[in-house]
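Participant: Just so it is clear, I am handing over protein13.cif, which has mmCIF, N, CA and C atoms.
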data_work
#
loop_
_atom_site.label_atom_id
_atom_site.label_comp_id
_atom_site.auth_asym_id
_atom_site.auth_seq_id
_atom_site.Cartn_x
_atom_site.Cartn_y
_atom_site.Cartn_z
N MET A 1 12.55 139.23 -28.88
CA MET A 1 12.52 138.65 -27.56
C MET A 1 12.68 137.13 -27.68
N GLN A 2 13.61 136.59 -26.98
CA GLN A 2 13.88 135.17 -27.04
C GLN A 2 13.61 134.54 -25.67
N ARG A 3 12.81 133.48 -25.68
CA ARG A 3 12.50 132.78 -24.43
C ARG A 3 13.52 131.69 -24.21
N GLU A 4 13.97 131.61 -23.00
CA GLU A 4 14.90 130.55 -22.66
C GLU A 4 14.30 129.74 -21.52
N GLY A 5 14.64 128.51 -21.45
CA GLY A 5 14.13 127.65 -20.41
C GLY A 5 14.21 126.21 -20.86
N PRO A 6 13.70 125.32 -20.04
CA PRO A 6 13.76 123.91 -20.40
C PRO A 6 12.87 123.59 -21.60
N VAL A 7 13.33 122.68 -22.40
CA VAL A 7 12.58 122.23 -23.57
C VAL A 7 12.10 120.82 -23.28
N MET A 8 10.79 120.59 -23.46
CA MET A 8 10.23 119.27 -23.22
C MET A 8 9.98 118.59 -24.57
N THR A 9 10.51 117.40 -24.71
CA THR A 9 10.30 116.64 -25.93
C THR A 9 9.55 115.37 -25.56
N ARG A 10 8.46 115.11 -26.27
CA ARG A 10 7.70 113.89 -26.06
C ARG A 10 7.52 113.21 -27.41
N TYR A 11 7.69 111.92 -27.40
CA TYR A 11 7.47 111.13 -28.60
C TYR A 11 6.22 110.29 -28.39
N ILE A 12 5.32 110.38 -29.35
CA ILE A 12 4.10 109.58 -29.28
C ILE A 12 3.92 108.85 -30.59
N THR A 13 3.21 107.74 -30.53
CA THR A 13 2.92 106.96 -31.73
C THR A 13 1.45 107.16 -32.08
N LEU A 14 1.20 107.58 -33.30
CA LEU A 14 -0.16 107.80 -33.77
C LEU A 14 -0.50 106.79 -34.84
N PRO A 15 -1.77 106.41 -34.93
CA PRO A 15 -2.18 105.51 -36.01
C PRO A 15 -1.98 106.20 -37.36
N PRO A 16 -1.91 105.43 -38.44
CA PRO A 16 -1.60 106.02 -39.74
C PRO A 16 -2.66 106.98 -40.27
N TYR A 17 -3.87 107.00 -39.71
CA TYR A 17 -4.90 107.88 -40.23
C TYR A 17 -5.01 109.18 -39.44
N ILE A 18 -4.05 109.45 -38.55
CA ILE A 18 -4.06 110.69 -37.80
C ILE A 18 -2.75 111.43 -38.06
N SER A 19 -2.85 112.72 -38.31
CA SER A 19 -1.65 113.53 -38.44
C SER A 19 -1.59 114.51 -37.28
N LEU A 20 -0.41 114.86 -36.88
CA LEU A 20 -0.22 115.80 -35.78
C LEU A 20 0.81 116.82 -36.21
N ARG A 21 0.43 118.09 -36.16
CA ARG A 21 1.35 119.17 -36.47
C ARG A 21 1.36 120.14 -35.32
N ILE A 22 2.46 120.82 -35.14
CA ILE A 22 2.56 121.87 -34.14
C ILE A 22 2.58 123.19 -34.91
N VAL A 23 1.57 124.01 -34.69
CA VAL A 23 1.47 125.30 -35.36
C VAL A 23 1.43 126.37 -34.29
N ALA A 24 2.41 127.23 -34.29
CA ALA A 24 2.51 128.32 -33.30
C ALA A 24 2.41 127.77 -31.88
N GLY A 25 3.02 126.62 -31.64
CA GLY A 25 3.02 126.04 -30.31
C GLY A 25 1.76 125.31 -29.92
N ILE A 26 0.81 125.16 -30.86
CA ILE A 26 -0.45 124.48 -30.58
C ILE A 26 -0.51 123.21 -31.41
N ALA A 27 -0.90 122.11 -30.76
CA ALA A 27 -1.02 120.84 -31.47
C ALA A 27 -2.28 120.85 -32.31
N VAL A 28 -2.14 120.52 -33.58
CA VAL A 28 -3.27 120.43 -34.50
C VAL A 28 -3.38 118.99 -34.95
N VAL A 29 -4.51 118.36 -34.66
CA VAL A 29 -4.72 116.97 -35.00
C VAL A 29 -5.67 116.90 -36.18
N GLY A 30 -5.39 116.04 -37.15
CA GLY A 30 -6.26 115.89 -38.30
C GLY A 30 -6.29 114.46 -38.79
N LEU A 31 -7.21 114.20 -39.71
CA LEU A 31 -7.32 112.87 -40.31
C LEU A 31 -6.51 112.82 -41.58
N VAL A 32 -5.97 111.68 -41.89
CA VAL A 32 -5.22 111.46 -43.11
C VAL A 32 -5.98 110.46 -43.94
N ALA A 33 -6.17 110.76 -45.21
CA ALA A 33 -6.88 109.84 -46.10
C ALA A 33 -6.02 108.61 -46.35
N LEU A 34 -6.62 107.45 -46.22
CA LEU A 34 -5.93 106.20 -46.51
C LEU A 34 -6.24 105.79 -47.94
N PRO A 35 -5.34 105.08 -48.59
CA PRO A 35 -5.61 104.60 -49.94
C PRO A 35 -6.85 103.71 -49.95
N SER A 36 -7.55 103.71 -51.07
CA SER A 36 -8.75 102.91 -51.20
C SER A 36 -8.45 101.45 -50.88
N GLY A 37 -9.30 100.85 -50.05
CA GLY A 37 -9.11 99.46 -49.68
C GLY A 37 -8.22 99.28 -48.47
N ALA A 38 -7.57 100.36 -48.02
CA ALA A 38 -6.72 100.24 -46.84
C ALA A 38 -7.58 100.36 -45.61
N GLY A 39 -7.13 99.84 -44.52
CA GLY A 39 -7.90 99.93 -43.29
C GLY A 39 -7.00 99.87 -42.09
N VAL A 40 -7.59 100.18 -40.97
CA VAL A 40 -6.84 100.18 -39.73
C VAL A 40 -7.63 99.36 -38.72
N ALA A 41 -6.97 98.47 -38.05
CA ALA A 41 -7.60 97.71 -36.98
C ALA A 41 -6.55 97.46 -35.91
N SER A 42 -7.00 97.39 -34.71
CA SER A 42 -6.06 97.19 -33.62
C SER A 42 -6.70 96.35 -32.54
N ASP A 43 -5.99 95.34 -32.10
CA ASP A 43 -6.44 94.54 -30.97
C ASP A 43 -5.54 94.83 -29.78
N ALA A 44 -4.85 95.95 -29.84
CA ALA A 44 -3.89 96.29 -28.80
C ALA A 44 -4.60 96.75 -27.54
N ALA A 45 -3.82 96.89 -26.49
CA ALA A 45 -4.32 97.40 -25.21
C ALA A 45 -4.77 98.84 -25.39
N PRO A 46 -5.49 99.39 -24.43
CA PRO A 46 -5.93 100.78 -24.53
C PRO A 46 -4.75 101.70 -24.84
N PRO A 47 -5.01 102.80 -25.56
CA PRO A 47 -3.93 103.67 -25.97
C PRO A 47 -3.20 104.30 -24.78
N ALA A 48 -1.91 104.56 -25.02
CA ALA A 48 -1.08 105.13 -23.98
C ALA A 48 -1.14 106.64 -23.98
N HIS A 49 -1.74 107.23 -24.99
CA HIS A 49 -1.77 108.68 -25.11
C HIS A 49 -3.18 109.13 -25.49
N PRO A 50 -3.65 110.25 -24.96
CA PRO A 50 -5.03 110.68 -25.23
C PRO A 50 -5.32 111.01 -26.68
N LEU A 51 -4.30 111.25 -27.50
CA LEU A 51 -4.56 111.54 -28.91
C LEU A 51 -4.82 110.28 -29.72
N GLN A 52 -4.52 109.12 -29.15
CA GLN A 52 -4.77 107.88 -29.87
C GLN A 52 -6.22 107.48 -29.67
N PRO A 53 -6.87 106.93 -30.71
CA PRO A 53 -8.27 106.55 -30.59
C PRO A 53 -8.49 105.40 -29.63
N THR A 54 -9.67 105.39 -29.02
CA THR A 54 -9.99 104.32 -28.10
C THR A 54 -10.86 103.25 -28.76
N GLY A 55 -11.38 103.51 -29.92
CA GLY A 55 -12.17 102.53 -30.67
C GLY A 55 -11.34 102.01 -31.82
N ARG A 56 -12.00 101.43 -32.80
CA ARG A 56 -11.25 100.99 -33.95
C ARG A 56 -12.11 101.01 -35.19
N ILE A 57 -11.44 101.13 -36.32
CA ILE A 57 -12.08 101.13 -37.63
C ILE A 57 -11.35 100.08 -38.45
N ALA A 58 -12.08 99.28 -39.20
CA ALA A 58 -11.43 98.26 -40.02
C ALA A 58 -12.19 98.08 -41.32
N ARG A 59 -11.49 97.68 -42.33
CA ARG A 59 -12.10 97.33 -43.62
C ARG A 59 -12.34 95.84 -43.63
N LEU A 60 -13.51 95.45 -44.06
CA LEU A 60 -13.83 94.02 -44.16
C LEU A 60 -13.62 93.50 -45.57
N GLY A 61 -13.78 94.32 -46.52
CA GLY A 61 -13.64 93.93 -47.92
C GLY A 61 -13.97 95.13 -48.77
N ARG A 62 -14.03 94.95 -50.04
CA ARG A 62 -14.32 96.07 -50.93
C ARG A 62 -15.68 96.67 -50.59
N GLY A 63 -15.68 97.91 -50.16
CA GLY A 63 -16.92 98.61 -49.88
C GLY A 63 -17.56 98.30 -48.55
N ALA A 64 -16.93 97.47 -47.71
CA ALA A 64 -17.52 97.12 -46.42
C ALA A 64 -16.53 97.44 -45.31
N GLY A 65 -17.07 97.70 -44.12
CA GLY A 65 -16.19 98.01 -43.00
C GLY A 65 -16.90 97.82 -41.68
N VAL A 66 -16.15 98.06 -40.62
CA VAL A 66 -16.70 97.97 -39.27
C VAL A 66 -16.03 99.05 -38.43
N ILE A 67 -16.79 99.63 -37.52
CA ILE A 67 -16.25 100.62 -36.60
C ILE A 67 -16.80 100.30 -35.21
N GLU A 68 -15.93 100.39 -34.22
CA GLU A 68 -16.33 100.18 -32.83
C GLU A 68 -16.09 101.48 -32.08
N GLY A 69 -17.10 101.90 -31.35
CA GLY A 69 -16.98 103.14 -30.59
C GLY A 69 -18.24 103.41 -29.80
N LYS A 70 -18.61 104.69 -29.73
CA LYS A 70 -19.80 105.10 -28.99
C LYS A 70 -20.80 105.74 -29.94
N LEU A 71 -22.09 105.54 -29.62
CA LEU A 71 -23.14 106.25 -30.34
C LEU A 71 -23.16 107.67 -29.79
N THR A 72 -22.73 108.62 -30.59
CA THR A 72 -22.71 110.01 -30.11
C THR A 72 -23.91 110.80 -30.61
N ARG A 73 -24.61 110.27 -31.61
CA ARG A 73 -25.82 110.93 -32.10
C ARG A 73 -26.72 109.88 -32.73
N VAL A 74 -27.99 109.91 -32.36
CA VAL A 74 -29.01 109.05 -32.96
C VAL A 74 -30.06 109.99 -33.50
N ASP A 75 -30.16 110.09 -34.83
CA ASP A 75 -31.06 111.05 -35.47
C ASP A 75 -32.25 110.32 -36.08
N GLY A 76 -33.40 110.42 -35.43
CA GLY A 76 -34.60 109.76 -35.92
C GLY A 76 -35.15 110.38 -37.18
N ARG A 77 -34.87 111.66 -37.42
CA ARG A 77 -35.37 112.33 -38.62
C ARG A 77 -34.71 111.78 -39.88
N THR A 78 -33.38 111.62 -39.83
CA THR A 78 -32.65 111.12 -41.00
C THR A 78 -32.34 109.63 -40.89
N GLU A 79 -32.69 109.03 -39.75
CA GLU A 79 -32.38 107.63 -39.47
C GLU A 79 -30.90 107.34 -39.72
N THR A 80 -30.07 108.13 -39.04
CA THR A 80 -28.63 107.94 -39.07
C THR A 80 -28.11 107.91 -37.63
N VAL A 81 -26.94 107.29 -37.48
CA VAL A 81 -26.26 107.31 -36.19
C VAL A 81 -24.82 107.75 -36.44
N ASP A 82 -24.28 108.48 -35.47
CA ASP A 82 -22.86 108.82 -35.50
C ASP A 82 -22.15 107.91 -34.53
N VAL A 83 -21.14 107.21 -35.03
CA VAL A 83 -20.31 106.35 -34.20
C VAL A 83 -18.96 107.03 -34.10
N SER A 84 -18.56 107.38 -32.88
CA SER A 84 -17.31 108.13 -32.68
C SER A 84 -16.31 107.31 -31.89
N ILE A 85 -15.04 107.53 -32.25
CA ILE A 85 -13.95 106.92 -31.50
C ILE A 85 -13.01 108.04 -31.10
N GLY A 86 -12.14 107.76 -30.19
CA GLY A 86 -11.17 108.76 -29.76
C GLY A 86 -11.61 109.45 -28.50
N LEU A 87 -10.69 110.17 -27.90
CA LEU A 87 -10.91 110.83 -26.63
C LEU A 87 -12.08 111.79 -26.67
N LEU A 88 -12.12 112.65 -27.65
CA LEU A 88 -13.18 113.65 -27.74
C LEU A 88 -14.20 113.32 -28.82
N GLY A 89 -14.16 112.11 -29.32
CA GLY A 89 -15.08 111.74 -30.39
C GLY A 89 -14.74 112.44 -31.70
N LEU A 90 -13.47 112.79 -31.88
CA LEU A 90 -13.06 113.52 -33.07
C LEU A 90 -13.07 112.65 -34.32
N LEU A 91 -12.97 111.35 -34.14
CA LEU A 91 -12.95 110.44 -35.27
C LEU A 91 -14.22 109.62 -35.27
N GLY A 92 -14.67 109.25 -36.42
CA GLY A 92 -15.85 108.41 -36.49
C GLY A 92 -16.52 108.47 -37.83
N LYS A 93 -17.73 107.93 -37.86
CA LYS A 93 -18.48 107.85 -39.11
C LYS A 93 -19.97 108.05 -38.84
N THR A 94 -20.67 108.55 -39.84
CA THR A 94 -22.12 108.63 -39.82
C THR A 94 -22.64 107.46 -40.65
N ILE A 95 -23.52 106.70 -40.05
CA ILE A 95 -24.03 105.49 -40.71
C ILE A 95 -25.55 105.60 -40.85
N GLU A 96 -26.02 105.34 -42.05
CA GLU A 96 -27.46 105.34 -42.32
C GLU A 96 -28.04 103.99 -41.90
N VAL A 97 -29.17 104.03 -41.24
CA VAL A 97 -29.85 102.81 -40.80
C VAL A 97 -31.14 102.68 -41.62
N ASN A 98 -31.39 101.51 -42.19
CA ASN A 98 -32.62 101.30 -42.95
C ASN A 98 -33.32 100.03 -42.49
N HIS A 99 -34.38 99.65 -43.18
CA HIS A 99 -35.17 98.48 -42.76
C HIS A 99 -34.40 97.17 -42.87
N ASP A 100 -33.31 97.15 -43.63
CA ASP A 100 -32.50 95.94 -43.76
C ASP A 100 -31.40 95.84 -42.70
N THR A 101 -31.19 96.90 -41.93
CA THR A 101 -30.14 96.90 -40.92
C THR A 101 -30.58 96.04 -39.73
N LEU A 102 -29.76 95.07 -39.36
CA LEU A 102 -30.02 94.24 -38.20
C LEU A 102 -29.51 94.99 -36.97
N ILE A 103 -30.38 95.23 -36.00
CA ILE A 103 -30.01 95.94 -34.78
C ILE A 103 -30.17 95.01 -33.60
N ARG A 104 -29.12 94.90 -32.80
CA ARG A 104 -29.15 94.08 -31.58
C ARG A 104 -28.68 94.96 -30.43
N VAL A 105 -29.46 95.03 -29.36
CA VAL A 105 -29.09 95.77 -28.16
C VAL A 105 -28.96 94.76 -27.03
N ASP A 106 -27.79 94.69 -26.44
CA ASP A 106 -27.49 93.73 -25.37
C ASP A 106 -27.88 92.30 -25.77
N GLY A 107 -27.60 91.95 -27.03
CA GLY A 107 -27.81 90.59 -27.50
C GLY A 107 -29.22 90.29 -27.99
N ARG A 108 -30.14 91.25 -27.86
CA ARG A 108 -31.53 91.02 -28.29
C ARG A 108 -31.85 91.87 -29.51
N GLU A 109 -32.70 91.32 -30.38
CA GLU A 109 -33.12 92.07 -31.55
C GLU A 109 -33.83 93.35 -31.11
N ALA A 110 -33.55 94.46 -31.80
CA ALA A 110 -34.10 95.75 -31.40
C ALA A 110 -34.48 96.56 -32.63
N ARG A 111 -35.05 97.74 -32.37
CA ARG A 111 -35.43 98.68 -33.44
C ARG A 111 -34.60 99.94 -33.32
N PHE A 112 -34.68 100.79 -34.32
CA PHE A 112 -33.95 102.05 -34.32
C PHE A 112 -34.31 102.88 -33.08
N ALA A 113 -35.57 102.86 -32.69
CA ALA A 113 -36.03 103.65 -31.54
C ALA A 113 -35.38 103.19 -30.23
N ASP A 114 -34.82 101.99 -30.19
CA ASP A 114 -34.18 101.47 -28.98
C ASP A 114 -32.74 101.96 -28.81
N LEU A 115 -32.18 102.61 -29.83
CA LEU A 115 -30.80 103.07 -29.76
C LEU A 115 -30.70 104.31 -28.87
N GLN A 116 -29.68 104.33 -28.02
CA GLN A 116 -29.48 105.46 -27.11
C GLN A 116 -28.07 106.00 -27.23
N GLU A 117 -27.96 107.31 -27.25
CA GLU A 117 -26.65 107.95 -27.30
C GLU A 117 -25.84 107.57 -26.08
N GLY A 118 -24.54 107.38 -26.28
CA GLY A 118 -23.64 107.02 -25.20
C GLY A 118 -23.37 105.53 -25.10
N ALA A 119 -24.19 104.71 -25.77
CA ALA A 119 -24.00 103.26 -25.72
C ALA A 119 -22.80 102.86 -26.58
N LYS A 120 -22.16 101.76 -26.23
CA LYS A 120 -21.08 101.22 -27.04
C LYS A 120 -21.69 100.50 -28.23
N VAL A 121 -21.01 100.58 -29.37
CA VAL A 121 -21.56 99.96 -30.58
C VAL A 121 -20.44 99.40 -31.45
N LYS A 122 -20.76 98.30 -32.10
CA LYS A 122 -19.92 97.75 -33.17
C LYS A 122 -20.81 97.79 -34.40
N ALA A 123 -20.46 98.65 -35.35
CA ALA A 123 -21.31 98.88 -36.52
C ALA A 123 -20.65 98.34 -37.78
N PHE A 124 -21.35 97.46 -38.45
CA PHE A 124 -20.92 96.91 -39.73
C PHE A 124 -21.64 97.70 -40.82
N TYR A 125 -20.94 98.09 -41.87
CA TYR A 125 -21.55 98.93 -42.89
C TYR A 125 -21.01 98.59 -44.27
N GLU A 126 -21.75 99.09 -45.28
CA GLU A 126 -21.33 98.99 -46.68
C GLU A 126 -21.28 100.39 -47.25
N GLU A 127 -20.31 100.64 -48.12
CA GLU A 127 -20.25 101.92 -48.80
C GLU A 127 -21.14 101.85 -50.03
N ARG A 128 -22.08 102.77 -50.11
CA ARG A 128 -22.97 102.87 -51.28
C ARG A 128 -22.93 104.30 -51.76
N GLY A 129 -22.09 104.52 -52.76
CA GLY A 129 -21.85 105.88 -53.21
C GLY A 129 -21.13 106.65 -52.10
N ALA A 130 -21.66 107.81 -51.74
CA ALA A 130 -21.05 108.62 -50.68
C ALA A 130 -21.59 108.26 -49.30
N LYS A 131 -22.54 107.33 -49.23
CA LYS A 131 -23.17 106.97 -47.96
C LYS A 131 -22.58 105.69 -47.39
N LEU A 132 -22.63 105.60 -46.07
CA LEU A 132 -22.30 104.36 -45.38
C LEU A 132 -23.62 103.82 -44.85
N VAL A 133 -24.00 102.65 -45.31
CA VAL A 133 -25.28 102.06 -44.92
C VAL A 133 -25.02 100.90 -43.98
N GLY A 134 -25.62 100.96 -42.80
CA GLY A 134 -25.41 99.93 -41.79
C GLY A 134 -26.04 98.61 -42.20
N THR A 135 -25.29 97.54 -42.03
CA THR A 135 -25.84 96.20 -42.26
C THR A 135 -26.17 95.54 -40.92
N ARG A 136 -25.38 95.90 -39.88
CA ARG A 136 -25.62 95.35 -38.55
C ARG A 136 -25.06 96.30 -37.49
N LEU A 137 -25.85 96.51 -36.42
CA LEU A 137 -25.40 97.30 -35.29
C LEU A 137 -25.50 96.41 -34.05
N GLU A 138 -24.38 96.22 -33.37
CA GLU A 138 -24.36 95.45 -32.13
C GLU A 138 -24.09 96.44 -31.00
N VAL A 139 -25.12 96.72 -30.21
CA VAL A 139 -25.07 97.77 -29.19
C VAL A 139 -25.02 97.15 -27.80
N THR A 140 -24.19 97.73 -26.93
CA THR A 140 -24.10 97.33 -25.54
C THR A 140 -24.38 98.55 -24.68
N THR A 141 -25.43 98.47 -23.86
CA THR A 141 -25.80 99.63 -23.05
C THR A 141 -25.05 99.68 -21.72
N GLY A 142 -24.55 98.55 -21.27
CA GLY A 142 -23.80 98.52 -20.03
C GLY A 142 -24.68 98.62 -18.79
N GLY A 143 -25.98 98.56 -19.00
CA GLY A 143 -26.87 98.68 -17.83
C GLY A 143 -27.77 97.52 -17.63
#
Could you take the file, read its structure, and then write that structure out as structure tokens?

Facilitator:
Amino acid sequence: MQREGPVMTRYITLPPYISLRIVAGIAVVGLVALPSGAGVASDAAPPAHPLQPTGRIARLGRGAGVIEGKLTRVDGRTETVDVSIGLLGLLGKTIEVNHDTLIRVDGREARFADLQEGAKVKAFYEERGAKLVGTRLEVTTGG
């Protein structure tokens, strides 16, 4: 059985860390590993397509980085936060928060207990083994 009809072609631009494949007519989005020391940052206008991330991730130097997005999970048991970017929060990082992490909420010094899911965050971190340890969290609650 052969289907005939109009064919729609759309061209979109994706950041280098996202791959897009069409499998059985379904779009499959995934992450692509970047070479060590590589990073992605964008000061561009908001994305033109929903598959493009709305936050940003950048490398600051060897073993250090920054991610801007939303706090999608604040776990008091493990003292970690999930910072997500993208339309559905598909991209992001889990960052460990410790006593050395500087936390600022709306410009004021704060504690881990002051962090709320859904707030905007700019998280600076260092890679320590397999963990990302936060050095500074700048949170904006918008309220």

Participant: Tell me, as a ChimeraX atom specification, which residues lie within 6.5 Å of Val121 of chain A, counting all atoms listed in the file; anything in the same chain fewer than 2 positions away does not count.

Facilitator: /A:67-71,119,123,137-140

Participant: Interatomic distance between atom CA of Leu88 of chain A and atom C of Asp106 of chain A?

Facilitator: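 Rounded to one decimal, the two atoms are 26.0 Å apart.
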
Participant: Between atom C of Thr94 of chain A and atom N of Arg128 of chain A, what is the spacing in Å?

Facilitator: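 Here the two named atoms are 10.6 Å from each other.
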
Participant: Rounded to one decimal in Å, what is the spacing between atom CA of Ile95 of chain A and atom C of Ala110 of chain A?

Facilitator: 15.9 Å

Participant: So that I can see what lies close to Tyr125 of chain A, please list as a ChimeraX atom specification the residues with an atom at most 7 Å from it, counting only C-alpha atoms and leaving out residues fewer than 4 positions away in the same chain.

Facilitator: /A:64-66,132-136

Participant: Which of these residues is nearest to Lys131 of chain A, using all atoms listed in the file: A:Asp75, A:Glu96, A:Val105, A:Leu115?

Facilitator: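 So, comparing all the options, the nearest one is A:Glu96.
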
Participant: Considering all atoms listed in the file, state which residue in the set A:Val81, A:Thr101, A:Gly129, A:Gly76 is at the smallest distance from Ala113 of chain A.

Facilitator: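 The answer is A:Gly76, which sits nearest to Ala113 of chain A.
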
Participant: Around all the atoms of segment 107-119 of chain A listed in the file, draw an axis-aligned box and extend it by 4 Å on each of the six sides; I want its centre and edge lengths in Å to one decimal, as AutoDock Vina command-line options.

Facilitator:
--center_x -29.4 --center_y 99.1 --center_z -29.7 --size_x 21.2 --size_y 25.7 --size_z 17.2
